[in-house]
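Engineer: Contents are PDB, C-alpha atoms; file name upload37.pdb:
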```
ATOM      1  CA  MET K 167       0.000   0.000   0.000
ATOM      2  CA  ARG K 168       1.148   3.513  -0.850
ATOM      3  CA  ILE K 169      -0.489   6.533   0.715
ATOM      4  CA  TYR K 170       0.088   9.917  -0.900
ATOM      5  CA  LEU K 171      -0.695  13.024   1.139
ATOM      6  CA  VAL K 172      -1.687  15.996  -1.002
ATOM      7  CA  GLY K 173      -2.580  19.566  -0.101
ATOM      8  CA  MET K 174      -1.425  23.131   0.027
ATOM      9  CA  PRO K 175       2.028  24.217   1.187
ATOM     10  CA  GLY K 176       1.803  24.556   4.947
ATOM     11  CA  SER K 177      -1.101  22.115   5.289
ATOM     12  CA  GLY K 178       1.048  19.824   7.421
ATOM     13  CA  LYS K 179       1.626  16.966   4.991
ATOM     14  CA  SER K 180       5.123  16.178   6.300
ATOM     15  CA  THR K 181       4.043  16.336   9.941
ATOM     16  CA  LEU K 182       0.973  14.240   9.161
ATOM     17  CA  ALA K 183       3.140  11.695   7.302
ATOM     18  CA  LYS K 184       5.162  11.186  10.497
ATOM     19  CA  ALA K 185       2.035  10.743  12.633
ATOM     20  CA  LEU K 186       0.440   8.406  10.093
ATOM     21  CA  SER K 187       3.705   6.467   9.893
ATOM     22  CA  GLU K 188       3.472   5.765  13.621
ATOM     23  CA  GLN K 189      -0.243   4.935  13.391
ATOM     24  CA  LEU K 190       0.184   2.455  10.517
ATOM     25  CA  ASP K 191       3.748   1.330  11.232
ATOM     26  CA  LEU K 192       4.884   2.259   7.725
ATOM     27  CA  PRO K 193       7.903   4.309   6.665
ATOM     28  CA  PHE K 194       7.290   7.827   5.400
ATOM     29  CA  TYR K 195       9.000   9.879   2.742
ATOM     30  CA  ASP K 196       8.821  13.500   1.713
ATOM     31  CA  MET K 197       8.798  14.110  -2.030
ATOM     32  CA  ASP K 198      10.506  17.483  -1.558
ATOM     33  CA  ASP K 199      13.365  15.716   0.263
ATOM     34  CA  GLU K 200      13.733  13.382  -2.719
ATOM     35  CA  ILE K 201      13.979  16.381  -5.045
ATOM     36  CA  VAL K 202      16.604  18.022  -2.800
ATOM     37  CA  ASN K 203      18.596  14.765  -2.703
ATOM     38  CA  GLN K 204      18.389  14.278  -6.469
ATOM     39  CA  GLU K 205      19.292  17.886  -7.274
ATOM     40  CA  ASN K 206      21.797  18.279  -4.419
ATOM     41  CA  ARG K 207      20.402  21.752  -3.609
ATOM     42  CA  SER K 208      17.466  23.323  -1.803
ATOM     43  CA  ILE K 209      14.091  23.918  -3.406
ATOM     44  CA  PRO K 210      14.392  27.729  -3.077
ATOM     45  CA  GLU K 211      17.768  27.454  -4.819
ATOM     46  CA  ILE K 212      16.251  25.371  -7.640
ATOM     47  CA  PHE K 213      13.480  27.963  -8.110
ATOM     48  CA  GLU K 214      15.955  30.839  -8.032
ATOM     49  CA  LYS K 215      18.496  29.349 -10.446
ATOM     50  CA  GLU K 216      16.330  27.219 -12.755
ATOM     51  CA  GLY K 217      12.784  28.527 -12.365
ATOM     52  CA  GLU K 218       9.463  26.886 -11.609
ATOM     53  CA  GLU K 219       9.157  25.103 -14.966
ATOM     54  CA  TYR K 220      12.399  23.188 -14.361
ATOM     55  CA  PHE K 221      11.330  22.374 -10.789
ATOM     56  CA  ARG K 222       7.964  21.013 -11.977
ATOM     57  CA  LYS K 223       9.705  18.719 -14.477
ATOM     58  CA  VAL K 224      11.983  17.344 -11.755
ATOM     59  CA  GLU K 225       8.933  16.928  -9.518
ATOM     60  CA  GLN K 226       7.147  15.042 -12.305
ATOM     61  CA  GLN K 227      10.110  12.648 -12.604
ATOM     62  CA  ILE K 228       9.921  11.978  -8.864
ATOM     63  CA  VAL K 229       6.155  11.338  -9.083
ATOM     64  CA  GLN K 230       6.708   8.880 -11.931
ATOM     65  CA  ASN K 231       9.790   7.108 -10.584
ATOM     66  CA  PHE K 232       9.783   7.297  -6.782
ATOM     67  CA  HIS K 233       7.138   5.026  -5.337
ATOM     68  CA  PRO K 234       8.389   2.789  -2.538
ATOM     69  CA  GLU K 235       6.048  -0.035  -1.545
ATOM     70  CA  ASN K 236       4.151   0.076   1.752
ATOM     71  CA  SER K 237       4.890   3.690   2.562
ATOM     72  CA  ILE K 238       3.459   7.105   3.200
ATOM     73  CA  ILE K 239       4.605   9.868   0.892
ATOM     74  CA  ALA K 240       4.076  13.575   1.513
ATOM     75  CA  THR K 241       3.913  15.282  -1.870
ATOM     76  CA  GLY K 242       4.917  18.844  -2.598
ATOM     77  CA  GLY K 243       1.997  21.267  -2.539
ATOM     78  CA  GLY K 244       1.969  21.747  -6.305
ATOM     79  CA  ALA K 245       2.822  18.170  -7.308
ATOM     80  CA  PRO K 246      -0.774  17.036  -7.982
ATOM     81  CA  CYS K 247      -1.528  20.153 -10.027
ATOM     82  CA  PHE K 248       0.896  19.788 -12.927
ATOM     83  CA  PHE K 249       1.062  17.420 -15.877
ATOM     84  CA  ASP K 250      -0.937  14.247 -15.129
ATOM     85  CA  ASN K 251       0.617  13.868 -11.677
ATOM     86  CA  MET K 252      -2.662  13.460  -9.758
ATOM     87  CA  GLU K 253      -3.815  10.711 -12.064
ATOM     88  CA  VAL K 254      -0.431   8.987 -11.690
ATOM     89  CA  LEU K 255      -0.616   9.250  -7.880
ATOM     90  CA  ASN K 256      -4.176   7.872  -7.855
ATOM     91  CA  GLY K 257      -2.970   4.952  -9.976
ATOM     92  CA  LEU K 258      -0.008   4.204  -7.711
ATOM     93  CA  GLY K 259      -1.769   4.311  -4.364
ATOM     94  CA  ILE K 260      -4.352   5.961  -2.160
ATOM     95  CA  THR K 261      -4.381   9.753  -2.201
ATOM     96  CA  VAL K 262      -5.457  11.745   0.843
ATOM     97  CA  PHE K 263      -6.272  15.445   0.647
ATOM     98  CA  THR K 264      -6.031  17.290   3.939
ATOM     99  CA  ASP K 265      -7.950  20.525   3.475
ATOM    100  CA  VAL K 266      -6.816  23.540   5.499
ATOM    101  CA  SER K 267      -8.436  26.974   5.198
ATOM    102  CA  ALA K 268      -6.558  29.878   3.606
ATOM    103  CA  GLU K 269      -6.623  31.705   6.938
ATOM    104  CA  ALA K 270      -5.040  28.791   8.811
ATOM    105  CA  LEU K 271      -2.461  28.282   6.043
ATOM    106  CA  THR K 272      -1.496  31.950   6.224
ATOM    107  CA  GLU K 273      -0.905  31.716   9.961
ATOM    108  CA  ARG K 274       1.217  28.591   9.502
ATOM    109  CA  VAL K 275       3.416  29.835   6.658
ATOM    110  CA  TRP K 276       3.808  33.385   7.930
ATOM    111  CA  GLY K 277       6.094  32.017  10.636
ATOM    112  CA  GLN K 278       8.256  30.488   7.888
ATOM    113  CA  HIS K 279       8.267  33.682   5.836
ATOM    114  CA  GLY K 280      10.801  33.624   3.012
ATOM    115  CA  THR K 281      11.391  29.844   3.030
ATOM    116  CA  ARG K 282       8.706  28.958   0.486
ATOM    117  CA  PRO K 283       9.486  30.065  -3.074
ATOM    118  CA  LEU K 284       5.916  30.780  -4.136
ATOM    119  CA  LEU K 285       4.969  32.538  -0.891
ATOM    120  CA  SER K 286       7.613  35.221  -0.526
ATOM    121  CA  GLN K 287       5.341  38.279  -0.464
ATOM    122  CA  SER K 288       6.249  41.060   1.942
ATOM    123  CA  SER K 289       3.070  41.423   4.004
ATOM    124  CA  LYS K 290       0.817  38.930   5.741
ATOM    125  CA  GLU K 291      -2.168  40.192   3.720
ATOM    126  CA  GLU K 292      -0.259  39.577   0.460
ATOM    127  CA  VAL K 293       0.625  36.059   1.634
ATOM    128  CA  PHE K 294      -3.053  35.442   2.437
ATOM    129  CA  GLN K 295      -4.126  36.721  -1.001
ATOM    130  CA  SER K 296      -1.550  34.480  -2.695
ATOM    131  CA  ILE K 297      -2.569  31.425  -0.665
ATOM    132  CA  ASP K 298      -6.274  32.074  -1.203
ATOM    133  CA  TYR K 299      -5.731  32.361  -4.970
ATOM    134  CA  LYS K 300      -3.496  29.272  -5.177
ATOM    135  CA  ARG K 301      -5.848  27.255  -2.978
ATOM    136  CA  SER K 302      -8.832  28.106  -5.207
ATOM    137  CA  ASP K 303      -6.794  27.261  -8.297
ATOM    138  CA  ARG K 304      -5.545  23.938  -6.893
ATOM    139  CA  LEU K 305      -8.713  22.643  -5.201
ATOM    140  CA  PRO K 306     -10.014  20.877  -8.337
ATOM    141  CA  TYR K 307      -6.800  18.810  -8.451
ATOM    142  CA  TYR K 308      -6.727  18.068  -4.725
ATOM    143  CA  LYS K 309     -10.380  17.039  -4.776
ATOM    144  CA  LYS K 310      -9.496  14.158  -7.099
ATOM    145  CA  ALA K 311      -7.971  12.475  -4.041
ATOM    146  CA  GLN K 312      -9.623   9.260  -2.920
ATOM    147  CA  ILE K 313      -9.908  10.450   0.695
ATOM    148  CA  TYR K 314     -10.890  13.968   1.725
ATOM    149  CA  ILE K 315     -10.225  15.171   5.277
ATOM    150  CA  GLU K 316     -11.024  18.600   6.708
ATOM    151  CA  ALA K 317      -8.201  19.499   9.048
ATOM    152  CA  LYS K 318      -9.984  22.230  11.030
ATOM    153  CA  ASP K 319      -8.428  22.245  14.520
ATOM    154  CA  LYS K 320      -7.415  18.570  14.538
ATOM    155  CA  THR K 321      -3.945  17.559  15.647
ATOM    156  CA  PRO K 322      -1.734  15.510  13.290
ATOM    157  CA  GLU K 323      -2.356  12.520  15.582
ATOM    158  CA  ASP K 324      -6.142  12.966  15.329
ATOM    159  CA  LEU K 325      -5.889  13.274  11.559
ATOM    160  CA  ALA K 326      -3.723  10.140  11.409
ATOM    161  CA  ILE K 327      -6.351   8.165  13.337
ATOM    162  CA  GLU K 328      -9.099   9.480  11.063
ATOM    163  CA  ILE K 329      -7.121   8.557   7.940
ATOM    164  CA  ALA K 330      -6.294   5.098   9.308
ATOM    165  CA  ASN K 331     -10.007   4.497   9.934
ATOM    166  CA  ARG K 332     -10.915   5.688   6.435
ATOM    167  CA  LEU K 333      -8.244   3.387   4.955
ATOM    168  CA  LYS K 334      -9.862   0.415   6.718
ATOM    169  CA  GLU K 335     -13.151   1.288   5.006
ATOM    170  CA  ILE K 336     -11.454   1.235   1.589
ATOM    171  CA  LYS K 337      -9.748  -2.149   2.011
TER     172      LYS K 337
END
```
Would you kindly transcribe this structure into structure tokens?
Structural biologist:
Amino acid sequence: MRIYLVGMPGSGKSTLAKALSEQLDLPFYDMDDEIVNQENRSIPEIFEKEGEEYFRKVEQQIVQNFHPENSIIATGGGAPCFFDNMEVLNGLGITVFTDVSAEALTERVWGQHGTRPLLSQSSKEEVFQSIDYKRSDRLPYYKKAQIYIEAKDKTPEDLAIEIANRLKEIK
């Protein structure tokens, strides 16, 4: 079984992957880490030197070629939204979309200001506007996931339990 976590940057996919890993006793991977390892440089550096188009092509290669068995994989926020990546992910495993509001995402990423290439605006309001726009644009892709979870105020551990229960229903 492969479980792919999809959602916006800052939605907690990596943290949730760790919690779900403990819940299901499966290893977890972060797709962004795989890109960094393959490219031998940070994602902001890739964006700065090569641009988003290059990054998305590298990301597509990871989607197509990196799929360890019996694992949980946190995807990059944009991964499902380019090329046919979401269809590929749905074909390789079970996709889980953790939905987080634009307001909550803004609060989460504002504390990491400047570390996310597509969210480098100078004011909190500009970050919110960017997130709100991107979220609206990406929702149709995320909603193709086989499991939909509203994060609301749930902890990663609570979300992991909810996902584990939903996975049992699918089996």
Engineer: Using all atoms listed in the file, find the one residue out of K:Cys247, K:Val266, K:Ile238, K:Val254 that sits nearest to Gln189 of chain K.
Structural biologist: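 Among the listed residues, the smallest separation from Gln189 of chain K belongs to K:Ile238.
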Engineer: Neighbouring residues of Phe194 of chain K were defined as those with any atom within 8 Å, considering only C-alpha atoms; residues of the same chain fewer than 2 positions away were excluded. Please report them as a list in words.
Structural biologist: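 Skipping anything fewer than 2 positions along the chain leaves Ala183, Lys184, Ser187, Leu192, Asp196, Ser237, Ile238, Ile239 and Ala240 of chain K.
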Engineer: Could you jot down the atom CA of Asp265 of chain K to atom CA of Ala245 of chain K separation for me, Å, one decimal place?
Structural biologist: 15.4 Å
Engineer: Residues near Pro246 of chain K, anyone? I mean within 12 Å using all atoms listed in the file, not counting same-chain ones fewer than 4 positions away, as a ChimeraX atom specification.
Structural biologist: /K:170-175,197,222,225-226,228-230,240-242,250-256,261-263,303-311
Engineer: What is the atom CA of Gln278 of chain K to atom CA of Glu292 of chain K distance in Å?
Structural biologist: 14.5 Å
Engineer: Would you compute the distance between atom CA of Gln204 of chain K and atom CA of Leu186 of chain K? Give it in Å to one decimal.
Structural biologist: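 Interatomic distance, atom CA of Gln204 of chain K to atom CA of Leu186 of chain K: 25.1 Å.
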Engineer: For segment 317-322 of chain K, please output as a VMD selection string all residues within 10 Å (counting all atoms listed in the file; exclusion window: fewer than 2 positions along the same chain).
Structural biologist: chain K and resid 177 to 186 263 to 267 270 314 to 315 324 to 328
Engineer: Okay, now the selection with C-alpha atoms, as a PDB file, in the frame of the given file?
Structural biologist:
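What ended up in part.pdb:
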```
ATOM      1  CA  SER K 177      -1.101  22.115   5.289  1.00  0.00           C
ATOM      2  CA  GLY K 178       1.048  19.824   7.421  1.00  0.00           C
ATOM      3  CA  LYS K 179       1.626  16.966   4.991  1.00  0.00           C
ATOM      4  CA  SER K 180       5.123  16.178   6.300  1.00  0.00           C
ATOM      5  CA  THR K 181       4.043  16.336   9.941  1.00  0.00           C
ATOM      6  CA  LEU K 182       0.973  14.240   9.161  1.00  0.00           C
ATOM      7  CA  ALA K 183       3.140  11.695   7.302  1.00  0.00           C
ATOM      8  CA  LYS K 184       5.162  11.186  10.497  1.00  0.00           C
ATOM      9  CA  ALA K 185       2.035  10.743  12.633  1.00  0.00           C
ATOM     10  CA  LEU K 186       0.440   8.406  10.093  1.00  0.00           C
ATOM     11  CA  PHE K 263      -6.272  15.445   0.647  1.00  0.00           C
ATOM     12  CA  THR K 264      -6.031  17.290   3.939  1.00  0.00           C
ATOM     13  CA  ASP K 265      -7.950  20.525   3.475  1.00  0.00           C
ATOM     14  CA  VAL K 266      -6.816  23.540   5.499  1.00  0.00           C
ATOM     15  CA  SER K 267      -8.436  26.974   5.198  1.00  0.00           C
ATOM     16  CA  ALA K 270      -5.040  28.791   8.811  1.00  0.00           C
ATOM     17  CA  TYR K 314     -10.890  13.968   1.725  1.00  0.00           C
ATOM     18  CA  ILE K 315     -10.225  15.171   5.277  1.00  0.00           C
ATOM     19  CA  ASP K 324      -6.142  12.966  15.329  1.00  0.00           C
ATOM     20  CA  LEU K 325      -5.889  13.274  11.559  1.00  0.00           C
ATOM     21  CA  ALA K 326      -3.723  10.140  11.409  1.00  0.00           C
ATOM     22  CA  ILE K 327      -6.351   8.165  13.337  1.00  0.00           C
ATOM     23  CA  GLU K 328      -9.099   9.480  11.063  1.00  0.00           C
TER      24      GLU K 328
END
```
Engineer: Pick out the closest residue to Ile260 of chain K from this set: K:Asn206, K:Tyr220, K:His233, K:Arg301. Count all atoms listed in the file.
Structural biologist: K:His233
